[in-house]
file model_19.tsv (TSV, N, CA and C atoms)
chain	number	residue	atom	x	y	z
A	1	MET	N	0.85	-1.17	0.00
A	1	MET	CA	0.00	0.00	0.00
A	1	MET	C	0.89	1.23	0.00
A	2	ARG	N	0.65	2.13	-0.92
A	2	ARG	CA	1.48	3.32	-1.06
A	2	ARG	C	0.81	4.50	-0.36
A	3	LEU	N	1.63	5.30	0.26
A	3	LEU	CA	1.15	6.49	0.95
A	3	LEU	C	1.25	7.68	0.00
A	4	ARG	N	0.18	8.38	-0.18
A	4	ARG	CA	0.16	9.51	-1.08
A	4	ARG	C	0.44	10.80	-0.32
A	5	ILE	N	1.22	11.67	-0.87
A	5	ILE	CA	1.52	12.96	-0.26
A	5	ILE	C	0.58	13.99	-0.86
A	6	CYS	N	-0.21	14.58	-0.01
A	6	CYS	CA	-1.21	15.54	-0.48
A	6	CYS	C	-0.59	16.88	-0.83
A	7	CYS	N	0.30	17.34	-0.02
A	7	CYS	CA	0.88	18.66	-0.23
A	7	CYS	C	2.40	18.54	-0.15
A	8	PRO	N	3.09	18.47	-1.27
A	8	PRO	CA	4.54	18.30	-1.23
A	8	PRO	C	5.26	19.53	-0.68
A	9	ALA	N	4.60	20.72	-0.65
A	9	ALA	CA	5.27	21.92	-0.14
A	9	ALA	C	5.53	21.81	1.35
A	10	ILE	N	4.71	21.05	2.06
A	10	ILE	CA	4.91	20.88	3.50
A	10	ILE	C	6.17	20.07	3.77
A	11	LEU	N	6.44	19.11	2.94
A	11	LEU	CA	7.58	18.24	3.17
A	11	LEU	C	8.86	18.73	2.54
A	12	SER	N	8.80	19.77	1.72
A	12	SER	CA	10.02	20.27	1.11
A	12	SER	C	10.87	20.97	2.15
A	13	PHE	N	12.17	20.89	1.97
A	13	PHE	CA	13.09	21.47	2.94
A	13	PHE	C	14.18	22.20	2.20
A	14	SER	N	14.44	23.40	2.60
A	14	SER	CA	15.51	24.18	2.01
A	14	SER	C	16.42	24.64	3.14
A	15	SER	N	17.67	24.87	2.82
A	15	SER	CA	18.61	25.29	3.86
A	15	SER	C	18.34	26.72	4.30
A	16	LYS	N	17.71	27.53	3.45
A	16	LYS	CA	17.45	28.93	3.81
A	16	LYS	C	16.16	29.10	4.60
A	17	THR	N	15.13	28.37	4.22
A	17	THR	CA	13.85	28.52	4.91
A	17	THR	C	13.37	27.15	5.36
A	18	GLN	N	12.89	27.10	6.58
A	18	GLN	CA	12.28	25.88	7.08
A	18	GLN	C	10.78	26.02	6.95
A	19	ILE	N	10.11	24.92	6.72
A	19	ILE	CA	8.68	24.96	6.49
A	19	ILE	C	7.95	24.49	7.74
A	20	PHE	N	6.94	25.27	8.16
A	20	PHE	CA	6.08	24.87	9.25
A	20	PHE	C	5.09	23.82	8.77
A	21	ALA	N	4.28	23.32	9.66
A	21	ALA	CA	3.29	22.31	9.30
A	21	ALA	C	2.21	22.90	8.37
A	22	LEU	N	2.00	24.19	8.43
A	22	LEU	CA	1.00	24.81	7.57
A	22	LEU	C	1.57	25.22	6.22
A	23	GLY	N	2.85	25.06	6.03
A	23	GLY	CA	3.44	25.42	4.77
A	23	GLY	C	3.92	26.86	4.72
A	24	LEU	N	3.98	27.56	5.85
A	24	LEU	CA	4.45	28.94	5.87
A	24	LEU	C	5.94	28.97	6.12
A	25	PRO	N	6.66	29.81	5.42
A	25	PRO	CA	8.09	29.90	5.69
A	25	PRO	C	8.35	30.48	7.07
A	26	ARG	N	9.36	29.97	7.71
A	26	ARG	CA	9.68	30.42	9.06
A	26	ARG	C	10.13	31.87	9.06
A	27	THR	N	10.80	32.32	8.02
A	27	THR	CA	11.30	33.69	8.02
A	27	THR	C	10.15	34.69	8.02
A	28	LEU	N	9.05	34.43	7.34
A	28	LEU	CA	7.92	35.34	7.37
A	28	LEU	C	7.29	35.39	8.76
A	29	ALA	N	7.16	34.26	9.40
A	29	ALA	CA	6.60	34.23	10.74
A	29	ALA	C	7.51	34.95	11.73
A	30	MET	N	8.81	34.78	11.59
A	30	MET	CA	9.75	35.47	12.47
A	30	MET	C	9.71	36.97	12.24
A	31	ASP	N	9.60	37.38	10.98
A	31	ASP	CA	9.51	38.82	10.68
A	31	ASP	C	8.24	39.42	11.25
A	32	ASP	N	7.14	38.68	11.15
A	32	ASP	CA	5.89	39.16	11.74
A	32	ASP	C	6.00	39.27	13.25
A	33	ALA	N	6.64	38.30	13.87
A	33	ALA	CA	6.82	38.34	15.33
A	33	ALA	C	7.69	39.51	15.73
A	34	ARG	N	8.75	39.74	14.99
A	34	ARG	CA	9.62	40.90	15.29
A	34	ARG	C	8.87	42.21	15.12
A	35	ALA	N	8.08	42.32	14.07
A	35	ALA	CA	7.30	43.54	13.85
A	35	ALA	C	6.29	43.74	14.97
A	36	LEU	N	5.68	42.67	15.44
A	36	LEU	CA	4.73	42.76	16.54
A	36	LEU	C	5.42	43.23	17.81
A	37	VAL	N	6.58	42.65	18.12
A	37	VAL	CA	7.31	43.03	19.33
A	37	VAL	C	7.76	44.47	19.26
A	38	THR	N	8.26	44.91	18.13
A	38	THR	CA	8.71	46.30	18.02
A	38	THR	C	7.54	47.28	18.11
A	39	SER	N	6.39	46.92	17.54
A	39	SER	CA	5.23	47.83	17.66
A	39	SER	C	4.71	47.88	19.09
A	40	LEU	N	4.71	46.73	19.78
A	40	LEU	CA	4.29	46.74	21.19
A	40	LEU	C	5.27	47.53	22.05
A	41	ARG	N	6.55	47.38	21.77
A	41	ARG	CA	7.56	48.12	22.55
A	41	ARG	C	7.43	49.62	22.32
A	42	SER	N	7.22	50.03	21.09
A	42	SER	CA	7.09	51.46	20.82
A	42	SER	C	5.81	52.02	21.43
A	43	ALA	N	4.75	51.24	21.45
A	43	ALA	CA	3.51	51.70	22.07
A	43	ALA	C	3.65	51.75	23.59
A	44	TYR	N	4.42	50.83	24.16
A	44	TYR	CA	4.57	50.79	25.62
A	44	TYR	C	5.48	51.91	26.12
A	45	THR	N	6.37	52.42	25.29
A	45	THR	CA	7.23	53.52	25.73
A	45	THR	C	6.43	54.79	25.96
A	46	ALA	N	5.26	54.90	25.34
A	46	ALA	CA	4.41	56.07	25.55
A	46	ALA	C	3.56	55.95	26.82
A	47	THR	N	3.64	54.81	27.49
A	47	THR	CA	2.86	54.60	28.71
A	47	THR	C	3.45	55.44	29.84
A	48	PRO	N	2.59	56.08	30.65
A	48	PRO	CA	3.10	56.87	31.77
A	48	PRO	C	3.86	56.01	32.80
A	49	THR	N	4.73	56.66	33.54
A	49	THR	CA	5.59	55.96	34.50
A	49	THR	C	4.77	55.31	35.61
A	50	LYS	N	3.70	55.95	36.04
A	50	LYS	CA	2.86	55.38	37.10
A	50	LYS	C	2.28	54.03	36.68
A	51	LEU	N	1.85	53.94	35.44
A	51	LEU	CA	1.29	52.68	34.95
A	51	LEU	C	2.37	51.62	34.80
A	52	LYS	N	3.57	52.04	34.44
A	52	LYS	CA	4.68	51.08	34.33
A	52	LYS	C	5.04	50.52	35.71
A	53	LEU	N	4.97	51.35	36.74
A	53	LEU	CA	5.24	50.86	38.10
A	53	LEU	C	4.17	49.86	38.54
A	54	ILE	N	2.93	50.14	38.20
A	54	ILE	CA	1.86	49.18	38.53
A	54	ILE	C	2.07	47.88	37.77
A	55	ASP	N	2.51	47.97	36.52
A	55	ASP	CA	2.79	46.76	35.74
A	55	ASP	C	3.92	45.94	36.37
A	56	LEU	N	4.95	46.61	36.87
A	56	LEU	CA	6.03	45.90	37.56
A	56	LEU	C	5.52	45.21	38.82
A	57	TYR	N	4.64	45.87	39.54
A	57	TYR	CA	4.06	45.29	40.75
A	57	TYR	C	3.23	44.05	40.42
A	58	VAL	N	2.45	44.12	39.35
A	58	VAL	CA	1.66	42.97	38.92
A	58	VAL	C	2.57	41.82	38.51
A	59	ALA	N	3.63	42.13	37.76
A	59	ALA	CA	4.57	41.09	37.35
A	59	ALA	C	5.25	40.46	38.56
A	60	TYR	N	5.60	41.26	39.55
A	60	TYR	CA	6.22	40.74	40.77
A	60	TYR	C	5.27	39.80	41.52
A	61	ALA	N	4.01	40.19	41.61
A	61	ALA	CA	3.03	39.34	42.31
A	61	ALA	C	2.82	38.02	41.58
A	62	VAL	N	2.74	38.07	40.26
A	62	VAL	CA	2.54	36.84	39.49
A	62	VAL	C	3.77	35.94	39.56
A	63	ILE	N	4.96	36.52	39.48
A	63	ILE	CA	6.19	35.72	39.57
A	63	ILE	C	6.30	35.09	40.96
A	64	THR	N	5.92	35.82	41.99
A	64	THR	CA	5.95	35.26	43.34
A	64	THR	C	4.99	34.09	43.47
A	65	ALA	N	3.82	34.18	42.87
A	65	ALA	CA	2.87	33.06	42.90
A	65	ALA	C	3.42	31.85	42.16
A	66	ILE	N	4.09	32.09	41.05
A	66	ILE	CA	4.69	30.99	40.28
A	66	ILE	C	5.82	30.32	41.07
A	67	VAL	N	6.64	31.14	41.73
A	67	VAL	CA	7.74	30.58	42.54
A	67	VAL	C	7.18	29.76	43.70
A	68	GLN	N	6.12	30.24	44.34
A	68	GLN	CA	5.51	29.47	45.42
A	68	GLN	C	4.94	28.15	44.92
A	69	THR	N	4.34	28.16	43.75
A	69	THR	CA	3.80	26.93	43.18
A	69	THR	C	4.91	25.96	42.83
A	70	LEU	N	6.00	26.44	42.26
A	70	LEU	CA	7.14	25.57	41.95
A	70	LEU	C	7.76	25.01	43.23
A	71	PHE	N	7.86	25.83	44.24
A	71	PHE	CA	8.40	25.37	45.52
A	71	PHE	C	7.52	24.27	46.11
A	72	MET	N	6.20	24.45	46.02
A	72	MET	CA	5.29	23.43	46.53
A	72	MET	C	5.42	22.14	45.74
A	73	ALA	N	5.64	22.26	44.42
A	73	ALA	CA	5.77	21.06	43.59
A	73	ALA	C	7.06	20.31	43.91
A	74	VAL	N	8.11	21.02	44.26
A	74	VAL	CA	9.40	20.38	44.55
A	74	VAL	C	9.44	19.84	45.98
A	75	VAL	N	9.06	20.66	46.94
A	75	VAL	CA	9.22	20.29	48.36
A	75	VAL	C	8.04	19.48	48.88
A	76	GLY	N	6.85	19.85	48.48
A	76	GLY	CA	5.66	19.17	48.98
A	76	GLY	C	4.69	20.18	49.53
A	77	SER	N	3.50	19.72	49.81
A	77	SER	CA	2.45	20.64	50.25
A	77	SER	C	1.93	20.25	51.63
A	78	PHE	N	2.85	20.11	52.60
A	78	PHE	CA	2.39	19.69	53.93
A	78	PHE	C	1.40	20.68	54.53
A	79	PRO	N	1.79	21.95	54.76
A	79	PRO	CA	0.73	22.87	55.21
A	79	PRO	C	0.04	23.47	53.99
A	80	PHE	N	-0.93	22.73	53.46
A	80	PHE	CA	-1.56	23.13	52.20
A	80	PHE	C	-2.29	24.46	52.33
A	81	ASN	N	-2.85	24.74	53.51
A	81	ASN	CA	-3.54	26.02	53.67
A	81	ASN	C	-2.55	27.18	53.60
A	82	ALA	N	-1.31	26.97	54.03
A	82	ALA	CA	-0.30	28.03	53.91
A	82	ALA	C	0.04	28.28	52.45
A	83	PHE	N	0.15	27.20	51.67
A	83	PHE	CA	0.40	27.36	50.24
A	83	PHE	C	-0.74	28.10	49.57
A	84	LEU	N	-1.97	27.68	49.86
A	84	LEU	CA	-3.13	28.35	49.26
A	84	LEU	C	-3.20	29.82	49.67
A	85	SER	N	-2.90	30.11	50.91
A	85	SER	CA	-2.92	31.49	51.38
A	85	SER	C	-1.90	32.33	50.64
A	86	GLY	N	-0.70	31.81	50.47
A	86	GLY	CA	0.34	32.56	49.78
A	86	GLY	C	0.01	32.81	48.32
A	87	VAL	N	-0.44	31.78	47.64
A	87	VAL	CA	-0.74	31.93	46.21
A	87	VAL	C	-1.97	32.82	46.01
A	88	LEU	N	-3.00	32.62	46.82
A	88	LEU	CA	-4.19	33.46	46.68
A	88	LEU	C	-3.92	34.91	47.05
A	89	SER	N	-3.01	35.12	47.98
A	89	SER	CA	-2.62	36.49	48.31
A	89	SER	C	-1.94	37.16	47.13
A	90	CYS	N	-1.04	36.44	46.47
A	90	CYS	CA	-0.34	36.99	45.30
A	90	CYS	C	-1.30	37.23	44.14
A	91	VAL	N	-2.15	36.27	43.88
A	91	VAL	CA	-3.08	36.42	42.76
A	91	VAL	C	-4.10	37.52	43.05
A	92	GLY	N	-4.61	37.57	44.26
A	92	GLY	CA	-5.57	38.61	44.62
A	92	GLY	C	-4.96	39.99	44.55
A	93	THR	N	-3.73	40.12	45.01
A	93	THR	CA	-3.05	41.41	44.93
A	93	THR	C	-2.82	41.81	43.48
A	94	ALA	N	-2.46	40.85	42.62
A	94	ALA	CA	-2.27	41.16	41.21
A	94	ALA	C	-3.57	41.61	40.56
A	95	VAL	N	-4.67	40.96	40.90
A	95	VAL	CA	-5.97	41.34	40.33
A	95	VAL	C	-6.36	42.74	40.80
A	96	LEU	N	-6.15	43.02	42.06
A	96	LEU	CA	-6.48	44.36	42.57
A	96	LEU	C	-5.59	45.43	41.94
A	97	ALA	N	-4.33	45.09	41.67
A	97	ALA	CA	-3.43	46.05	41.02
A	97	ALA	C	-3.85	46.29	39.57
A	98	VAL	N	-4.33	45.26	38.89
A	98	VAL	CA	-4.84	45.45	37.53
A	98	VAL	C	-6.07	46.36	37.56
A	99	CYS	N	-6.91	46.18	38.54
A	99	CYS	CA	-8.08	47.07	38.69
A	99	CYS	C	-7.64	48.51	38.94
A	100	LEU	N	-6.61	48.68	39.77
A	100	LEU	CA	-6.07	50.02	40.02
A	100	LEU	C	-5.52	50.61	38.73
A	101	ARG	N	-4.83	49.80	37.94
A	101	ARG	CA	-4.26	50.29	36.68
A	101	ARG	C	-5.37	50.73	35.73
A	102	MET	N	-6.45	49.98	35.69
A	102	MET	CA	-7.56	50.36	34.82
A	102	MET	C	-8.19	51.68	35.27
A	103	GLN	N	-8.27	51.90	36.58
A	103	GLN	CA	-8.92	53.11	37.08
A	103	GLN	C	-8.03	54.34	36.96
A	104	VAL	N	-6.71	54.15	37.04
A	104	VAL	CA	-5.78	55.27	37.01
A	104	VAL	C	-5.43	55.69	35.58
A	105	ASN	N	-5.60	54.80	34.64
A	105	ASN	CA	-5.23	55.05	33.24
A	105	ASN	C	-6.08	56.19	32.67
A	106	LYS	N	-5.40	57.21	32.17
A	106	LYS	CA	-6.11	58.37	31.61
A	106	LYS	C	-6.80	58.04	30.29
A	107	ALA	N	-6.27	57.05	29.56
A	107	ALA	CA	-6.86	56.69	28.27
A	107	ALA	C	-8.16	55.92	28.43
A	108	ASN	N	-8.42	55.39	29.62
A	108	ASN	CA	-9.64	54.64	29.86
A	108	ASN	C	-10.77	55.63	30.17
A	109	LYS	N	-11.71	55.72	29.27
A	109	LYS	CA	-12.80	56.70	29.42
A	109	LYS	C	-13.88	56.24	30.39
A	110	GLU	N	-13.86	54.97	30.75
A	110	GLU	CA	-14.89	54.44	31.63
A	110	GLU	C	-14.78	55.00	33.05
A	111	PHE	N	-13.56	55.30	33.49
A	111	PHE	CA	-13.33	55.79	34.85
A	111	PHE	C	-12.84	57.24	34.84
A	112	LYS	N	-13.30	58.05	33.90
A	112	LYS	CA	-12.80	59.42	33.78
A	112	LYS	C	-13.24	60.30	34.94
A	113	ASP	N	-14.36	59.98	35.58
A	113	ASP	CA	-14.86	60.80	36.69
A	113	ASP	C	-14.26	60.39	38.04
A	114	LEU	N	-13.53	59.29	38.07
A	114	LEU	CA	-12.96	58.78	39.32
A	114	LEU	C	-11.58	59.38	39.54
A	115	PRO	N	-11.37	60.11	40.64
A	115	PRO	CA	-10.03	60.66	40.88
A	115	PRO	C	-9.04	59.54	41.25
A	116	PRO	N	-7.77	59.72	40.92
A	116	PRO	CA	-6.77	58.69	41.21
A	116	PRO	C	-6.61	58.41	42.70
A	117	GLU	N	-6.83	59.42	43.54
A	117	GLU	CA	-6.73	59.22	44.98
A	117	GLU	C	-7.80	58.25	45.47
A	118	ARG	N	-8.98	58.37	44.92
A	118	ARG	CA	-10.08	57.47	45.30
A	118	ARG	C	-9.76	56.05	44.84
A	119	ALA	N	-9.21	55.92	43.64
A	119	ALA	CA	-8.85	54.59	43.13
A	119	ALA	C	-7.78	53.95	44.01
A	120	PHE	N	-6.79	54.75	44.44
A	120	PHE	CA	-5.75	54.20	45.31
A	120	PHE	C	-6.31	53.84	46.68
A	121	ALA	N	-7.23	54.66	47.20
A	121	ALA	CA	-7.86	54.34	48.49
A	121	ALA	C	-8.66	53.04	48.39
A	122	ASP	N	-9.36	52.84	47.29
A	122	ASP	CA	-10.08	51.58	47.08
A	122	ASP	C	-9.11	50.40	47.02
A	123	PHE	N	-7.98	50.60	46.35
A	123	PHE	CA	-6.96	49.55	46.25
A	123	PHE	C	-6.43	49.17	47.63
A	124	VAL	N	-6.12	50.17	48.45
A	124	VAL	CA	-5.59	49.90	49.79
A	124	VAL	C	-6.63	49.21	50.66
A	125	LEU	N	-7.87	49.69	50.62
A	125	LEU	CA	-8.93	49.08	51.43
A	125	LEU	C	-9.20	47.63	51.01
A	126	CYS	N	-9.25	47.39	49.72
A	126	CYS	CA	-9.50	46.01	49.24
A	126	CYS	C	-8.32	45.10	49.57
A	127	ASN	N	-7.10	45.62	49.51
A	127	ASN	CA	-5.94	44.82	49.92
A	127	ASN	C	-6.00	44.49	51.40
A	128	LEU	N	-6.44	45.44	52.20
A	128	LEU	CA	-6.57	45.19	53.64
A	128	LEU	C	-7.59	44.09	53.90
A	129	VAL	N	-8.72	44.15	53.24
A	129	VAL	CA	-9.75	43.12	53.41
A	129	VAL	C	-9.24	41.77	52.90
A	130	LEU	N	-8.58	41.78	51.75
A	130	LEU	CA	-8.03	40.53	51.20
A	130	LEU	C	-7.06	39.88	52.17
A	131	HIS	N	-6.15	40.66	52.73
A	131	HIS	CA	-5.15	40.07	53.61
A	131	HIS	C	-5.72	39.70	54.97
A	132	LEU	N	-6.77	40.35	55.42
A	132	LEU	CA	-7.45	39.90	56.64
A	132	LEU	C	-8.10	38.53	56.41
A	133	VAL	N	-8.69	38.36	55.24
A	133	VAL	CA	-9.29	37.06	54.92
A	133	VAL	C	-8.20	35.98	54.79
A	134	ILE	N	-7.08	36.34	54.20
A	134	ILE	CA	-5.96	35.39	54.05
A	134	ILE	C	-5.42	35.00	55.43
A	135	MET	N	-5.27	35.95	56.32
A	135	MET	CA	-4.79	35.65	57.67
A	135	MET	C	-5.79	34.79	58.43
A	136	ASN	N	-7.06	35.04	58.23
A	136	ASN	CA	-8.07	34.20	58.87
A	136	ASN	C	-8.03	32.78	58.33
A	137	PHE	N	-7.76	32.64	57.04
A	137	PHE	CA	-7.68	31.32	56.43
A	137	PHE	C	-6.47	30.53	56.96
A	138	LEU	N	-5.40	31.25	57.28
A	138	LEU	CA	-4.21	30.57	57.84
A	138	LEU	C	-4.51	29.92	59.17
A	139	GLY	N	-5.35	30.55	59.95
A	139	GLY	CA	-5.73	29.95	61.23
A	139	GLY	C	-5.15	30.59	62.42

call {"tool": "encode", "arguments": {"input": "model_19.tsv", "output": "structure tokens"}}
result
Amino acid sequence: MRLRICCPAILSFSSKTQIFALGLPRTLAMDDARALVTSLRSAYTATPTKLKLIDLYVAYAVITAIVQTLFMAVVGSFPFNAFLSGVLSCVGTAVLAVCLRMQVNKANKEFKDLPPERAFADFVLCNLVLHLVIMNFLG
């Protein structure tokens, strides 16, 4: 029984371009990815410094949750409620920081009537409630 090749372009190989499973040259996909990254970088440079600081805080909270999860996977989860408290604290803080970023962003027309001080006060109050619940969960 002979196997028929439906699309010989998928199986062709050249030293200059490698072919993906869909038949697209790798160089075009890489160029598109580079163009996307450069356009995102140029758009992000116009972002105000306050929003960049909030973005760093969100990234720190998410990375901390990932490190805690990896640590639990390696060492074990004996006090499982402590693990859950730590990860939920990081994730909750990241979510609240994203909400703060949405409220403080001047380009967001949905919160144009909300002063930044009120948004920050809401962020602090919600963080206080979140961490009181986390401490209660610890026992």

call {"tool": "closest_residue", "arguments": {"input": "model_19.tsv", "among": "A:Val58, A:Val133, A:Val104, A:Lys52", "to": "Glu117 (chain A)", "atoms": "only N, CA and C atoms"}}
result
A:Val104

call {"tool": "residues_around", "arguments": {"input": "model_19.tsv", "residues": "Thr64 (chain A)", "least_positions_apart": "6", "cutoff": "8 Å", "atoms": "only N, CA and C atoms", "output": "NGL selection string"}}
result
:A and (58 or 70 or 86-87 or 90-91)

call {"tool": "atom_distance", "arguments": {"input": "model_19.tsv", "atom1": "CA of Thr45 (chain A)", "atom2": "atom C of Asn105 (chain A)"}}
result
15.2 Å

call {"tool": "closest_residue", "arguments": {"input": "model_19.tsv", "among": "A:Ala119, A:Leu128, A:Val75, A:Leu114", "to": "Thr93 (chain A)", "atoms": "only C-alpha atoms"}}
result
A:Leu128

call {"tool": "closest_residue", "arguments": {"input": "model_19.tsv", "among": "A:Ile134, A:Ala35, A:Phe83, A:Ser89", "to": "Gln68 (chain A)", "atoms": "only N, CA and C atoms"}}
result
A:Phe83

call {"tool": "atom_distance", "arguments": {"input": "model_19.tsv", "atom1": "CA of Arg101 (chain A)", "atom2": "CA of Ile54 (chain A)"}}
result
6.5 Å

call {"tool": "atom_distance", "arguments": {"input": "model_19.tsv", "atom1": "CA of Asp113 (chain A)", "atom2": "CA of Leu40 (chain A)"}}
result
28.4 Å

call {"tool": "build_atoms", "arguments": {"input": "model_19.tsv", "residues": "region 115-134 of chain A", "atoms": "N, CA, C and O atoms", "output": "tab-separated table (two decimals), in the frame of the given file"}}
result
chain	number	residue	atom	x	y	z
A	115	PRO	N	-11.37	60.11	40.64
A	115	PRO	CA	-10.03	60.66	40.88
A	115	PRO	C	-9.04	59.54	41.25
A	115	PRO	O	-9.42	58.51	41.83
A	116	PRO	N	-7.77	59.72	40.92
A	116	PRO	CA	-6.77	58.69	41.21
A	116	PRO	C	-6.61	58.41	42.70
A	116	PRO	O	-6.30	57.29	43.09
A	117	GLU	N	-6.83	59.42	43.54
A	117	GLU	CA	-6.73	59.22	44.98
A	117	GLU	C	-7.80	58.25	45.47
A	117	GLU	O	-7.55	57.42	46.34
A	118	ARG	N	-8.98	58.37	44.92
A	118	ARG	CA	-10.08	57.47	45.30
A	118	ARG	C	-9.76	56.05	44.84
A	118	ARG	O	-10.02	55.08	45.56
A	119	ALA	N	-9.21	55.92	43.64
A	119	ALA	CA	-8.85	54.59	43.13
A	119	ALA	C	-7.78	53.95	44.01
A	119	ALA	O	-7.85	52.75	44.32
A	120	PHE	N	-6.79	54.75	44.44
A	120	PHE	CA	-5.75	54.20	45.31
A	120	PHE	C	-6.31	53.84	46.68
A	120	PHE	O	-5.92	52.82	47.27
A	121	ALA	N	-7.23	54.66	47.20
A	121	ALA	CA	-7.86	54.34	48.49
A	121	ALA	C	-8.66	53.04	48.39
A	121	ALA	O	-8.62	52.21	49.31
A	122	ASP	N	-9.36	52.84	47.29
A	122	ASP	CA	-10.08	51.58	47.08
A	122	ASP	C	-9.11	50.40	47.02
A	122	ASP	O	-9.39	49.34	47.58
A	123	PHE	N	-7.98	50.60	46.35
A	123	PHE	CA	-6.96	49.55	46.25
A	123	PHE	C	-6.43	49.17	47.63
A	123	PHE	O	-6.32	47.98	47.96
A	124	VAL	N	-6.12	50.17	48.45
A	124	VAL	CA	-5.59	49.90	49.79
A	124	VAL	C	-6.63	49.21	50.66
A	124	VAL	O	-6.33	48.23	51.36
A	125	LEU	N	-7.87	49.69	50.62
A	125	LEU	CA	-8.93	49.08	51.43
A	125	LEU	C	-9.20	47.63	51.01
A	125	LEU	O	-9.31	46.74	51.86
A	126	CYS	N	-9.25	47.39	49.72
A	126	CYS	CA	-9.50	46.01	49.24
A	126	CYS	C	-8.32	45.10	49.57
A	126	CYS	O	-8.52	43.92	49.90
A	127	ASN	N	-7.10	45.62	49.51
A	127	ASN	CA	-5.94	44.82	49.92
A	127	ASN	C	-6.00	44.49	51.40
A	127	ASN	O	-5.64	43.38	51.80
A	128	LEU	N	-6.44	45.44	52.20
A	128	LEU	CA	-6.57	45.19	53.64
A	128	LEU	C	-7.59	44.09	53.90
A	128	LEU	O	-7.31	43.15	54.67
A	129	VAL	N	-8.72	44.15	53.24
A	129	VAL	CA	-9.75	43.12	53.41
A	129	VAL	C	-9.24	41.77	52.90
A	129	VAL	O	-9.43	40.73	53.55
A	130	LEU	N	-8.58	41.78	51.75
A	130	LEU	CA	-8.03	40.53	51.20
A	130	LEU	C	-7.06	39.88	52.17
A	130	LEU	O	-7.14	38.68	52.44
A	131	HIS	N	-6.15	40.66	52.73
A	131	HIS	CA	-5.15	40.07	53.61
A	131	HIS	C	-5.72	39.70	54.97
A	131	HIS	O	-5.20	38.78	55.63
A	132	LEU	N	-6.77	40.35	55.42
A	132	LEU	CA	-7.45	39.90	56.64
A	132	LEU	C	-8.10	38.53	56.41
A	132	LEU	O	-8.05	37.67	57.27
A	133	VAL	N	-8.69	38.36	55.24
A	133	VAL	CA	-9.29	37.06	54.92
A	133	VAL	C	-8.20	35.98	54.79
A	133	VAL	O	-8.36	34.86	55.28
A	134	ILE	N	-7.08	36.34	54.20
A	134	ILE	CA	-5.96	35.39	54.05
A	134	ILE	C	-5.42	35.00	55.43
A	134	ILE	O	-5.15	33.82	55.69
